[in-house]
Structures are given as structure tokens and as C-alpha cells.
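*Asks:* My questions all concern the structure below.
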Amino acid sequence: MNQRLDPVTRARLLQDDAQFLGQPIALTGDAGQVIRANTRHIALMMRDGVAPDRASAAAAFVESLLDVTARQIAAPLACGKGCSHCCTTYVSCTIPEVFRLAQAIRGSETTKAAVLTAAARSKAMPQMQREFDRVVCPILVDHACSAYAHRPVVCRSVLSTSLDRCLAIFQQNRSEPFAYPDGAEVARIYSVLMMRAALILCGLPHQNIEMTHALEIALADEHAEARWLAGEPLFASVAIDRGDQTTSDFSGLAEGLAAAIQPTL
Ligand code: SF4
């Protein structure tokens, strides 16, 4: 059993953390200190806060951290407004990201109706089938994300250096490796890792789940986020991402990070 830090050492640690919060994470070399400081911050936001929207606030923080980190990516990108081939694929995200996205679309009856339609199709289709029977994201309007500032981590980090490769994958359904620029996958992995470890530390469900079905549930009740933070298993019926259904190197990393931080909370 890990010993909890004494209050004076803990206060000093939190003071040291302040210099790293919201700062870009190094994509090469040792990023450990920045990751630990920001993970601790995200966990404390959700665990010690009282605001009913503190999960979506934590997601916003992680997303902004990913955005500043991604600015280090130097390769020219093929991505641009109006290019939306990747918005036809399966999307999974953490539950705080679902609430963050729901905030942006709650006021639009048109988008909410589109979410219900897409969720019905998604629920009836195994994850792998989504690579062949494309379900266009219900948030996509005129080939642009209508909730761009609120989009999940995975959407922010699907960056491509090759339009041809995107067309092969998303239009021709060919099984080819995605043309990520150097650093994009690392930035995504760090972002998901921090959120996942923070959720573990808060005792909240931490796996990625299918986005459209989860959005349907989040939109059904304006108090859904507060209920989920209070422990209600609102998303128990939503399919967990295949990659999170069994233990993996990544899940081990997240558990290890949470275990290292736990005595400092
Ligand atoms: S949330 Fe936005 S960026 Fe992500 S798949 Fe949907 S339309 Fe595309």
C-alpha cells in the first residue's frame, strides 16, 4: 500500500506542478514530469471539484493540452477545412469528451436528430463493420465539423500527410497504414493516457466508448454529467472500443501512471 504524501511535501509538489500545467508535452525525450503534473491536475479537477460540468472541463483541458503539443508537429499536412474523409470512420472517446461534445450540440435540434439516427445505425453494427459500411459522423455539416472546438482527442489527432492515403483508407476501404506526421500518434497517446489515468484515480469508468451512442445518452438528460460523476452507470450499454476490452501495454501504462500519482493526491 502506497503511503500518502505529507501535507507540506504535497503542497510543494503542487506548487512545482504549476509551471507545467497546460504546457506542450515534449514529443521526443523525457515527458514524464509534464505528464505527471498534468495528470495530477486533471484528476484533482474531477475528484475535488464541485461543478456539475467538471468532467467536460477536464476534457477541455486535455484537448487544449493536445492542441499546444501538436503545434510541435512540423510536417506539412494534407488536412484542411472541407476535407472530411476521416469523419466517416468509427470514433471512440472517453466519457468526459462525450459530455464536452454534448455541450456544443445540445442547443441544435437538427444535430440531435442526426445523432439519434447515427446512433441507431452504430448500435446495430459491429465496430469492424464500420470500416466498410461508413456511418458519417452526425456532427459533420457541409464537410466541416460543426463542433470543431469541442471535438474529441482522436479527431484532433487524426492528422494526415497524404490525401491519397486517406482516400485509399476511407473511400476505397483499403487496409493501409494511416499517413500520420511524426509526433501525431505520440501526442494522441499522451493525451489519452493522462485522461485515462485521471479517470482511474477518480474511480470513474475509463475505457473509450463508441461516440454516437454515448452522445445519445448524454443528450437525453441535461443532468447526465452530474449523475455520471455521482456514480450512475449511464453508459453501461455503450460498446467499449475493441482496443480497450482487454488488457494491453497501454492499459498497463495508464494503471502504472495512476499508481505512481495516487499517493500524491
Ligand atoms: S466530431 Fe467533428 S471531427 Fe470528429 S468525426 Fe465528427 S465531424 Fe469529424
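Ordering of the C-alpha cells sets the chain letters (A, B, ...); residue numbers start at 1 within each chain; ligands are numbered from 1 in the order shown.
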Assign secondary structure with DSSP using the backbone only, and return the residues of region 97-231 of chain A in helix (DSSP H, G or I) as a PyMOL selection string.
*Replies:* chain A and resi 97-105+109-123+127-131+148-150+153-157+163-170+184-201+211-220+224-229
*Asks:* Report as a ChimeraX atom specification all protein, DNA and RNA residues lying within 9 Å of Asp17 (chain A), evaluated on only C-alpha atoms, omitting residues in the same chain fewer than 5 positions from it.
*Replies:* /A:12,33-34,36-38,40-41
*Asks:* Take the selection from the previous step and output its residues with N, CA and C atoms, as an mmCIF file, in the first residue's frame.
*Replies:*
```
data_model
loop_
_atom_site.group_PDB
_atom_site.id
_atom_site.type_symbol
_atom_site.label_atom_id
_atom_site.label_comp_id
_atom_site.auth_asym_id
_atom_site.auth_seq_id
_atom_site.Cartn_x
_atom_site.Cartn_y
_atom_site.Cartn_z
ATOM 1 N N ARG A 12 4.161 21.436 -1.740
ATOM 2 C CA ARG A 12 5.334 21.824 -2.533
ATOM 3 C C ARG A 12 5.261 21.202 -3.928
ATOM 4 N N GLN A 33 7.727 14.327 -16.382
ATOM 5 C CA GLN A 33 7.341 15.300 -15.353
ATOM 6 C C GLN A 33 6.096 16.093 -15.775
ATOM 7 N N VAL A 34 6.060 16.477 -17.048
ATOM 8 C CA VAL A 34 4.900 17.240 -17.547
ATOM 9 C C VAL A 34 3.650 16.361 -17.528
ATOM 10 N N ARG A 36 3.048 13.756 -15.556
ATOM 11 C CA ARG A 36 2.599 13.508 -14.177
ATOM 12 C C ARG A 36 1.912 14.746 -13.595
ATOM 13 N N ALA A 37 2.478 15.920 -13.840
ATOM 14 C CA ALA A 37 1.887 17.148 -13.286
ATOM 15 C C ALA A 37 0.488 17.382 -13.861
ATOM 16 N N ASN A 38 0.348 17.225 -15.177
ATOM 17 C CA ASN A 38 -0.959 17.479 -15.800
ATOM 18 C C ASN A 38 -1.973 16.396 -15.452
ATOM 19 N N ARG A 40 -2.065 14.753 -12.634
ATOM 20 C CA ARG A 40 -2.486 15.064 -11.256
ATOM 21 C C ARG A 40 -3.530 16.179 -11.266
ATOM 22 N N HIS A 41 -3.279 17.175 -12.103
ATOM 23 C CA HIS A 41 -4.203 18.316 -12.203
ATOM 24 C C HIS A 41 -5.578 17.862 -12.719
#
```
*Asks:* May I have the residues within 12 Å of ligand 1, computed using only C-alpha atoms and all ligand atoms, as a PyMOL selection string?
*Replies:* chain A and resi 79-93+97-98+100-102+104-105+111+114-115+118+134-159+210-212+215
*Asks:* Quick one: residues within 12 Å of Gln72 (chain A), only C-alpha atoms, excluding same-chain residues fewer than 3 positions away - as number ranges by chain?
*Replies:* A: 23-28, 65-69, 75-76, 181-184, 186-187
*Asks:* Which is closest to Ser191 (chain A) among A:Gln129, A:Thr9, A:Thr94, A:Thr117, if we use only C-alpha atoms?
*Replies:* A:Thr94
*Asks:* With only C-alpha atoms as the atoms that count, which of A:Leu44, A:Leu5, A:Glu185, A:Gly22 lies nearest to Ile73 (chain A)?
*Replies:* A:Glu185
*Asks:* Write out as a VMD selection string which residues come within 12 Å of Val8 (chain A) when counting only C-alpha atoms, dropping same-chain ones fewer than 6 positions away.
*Replies:* chain A and resid 14 to 15 264
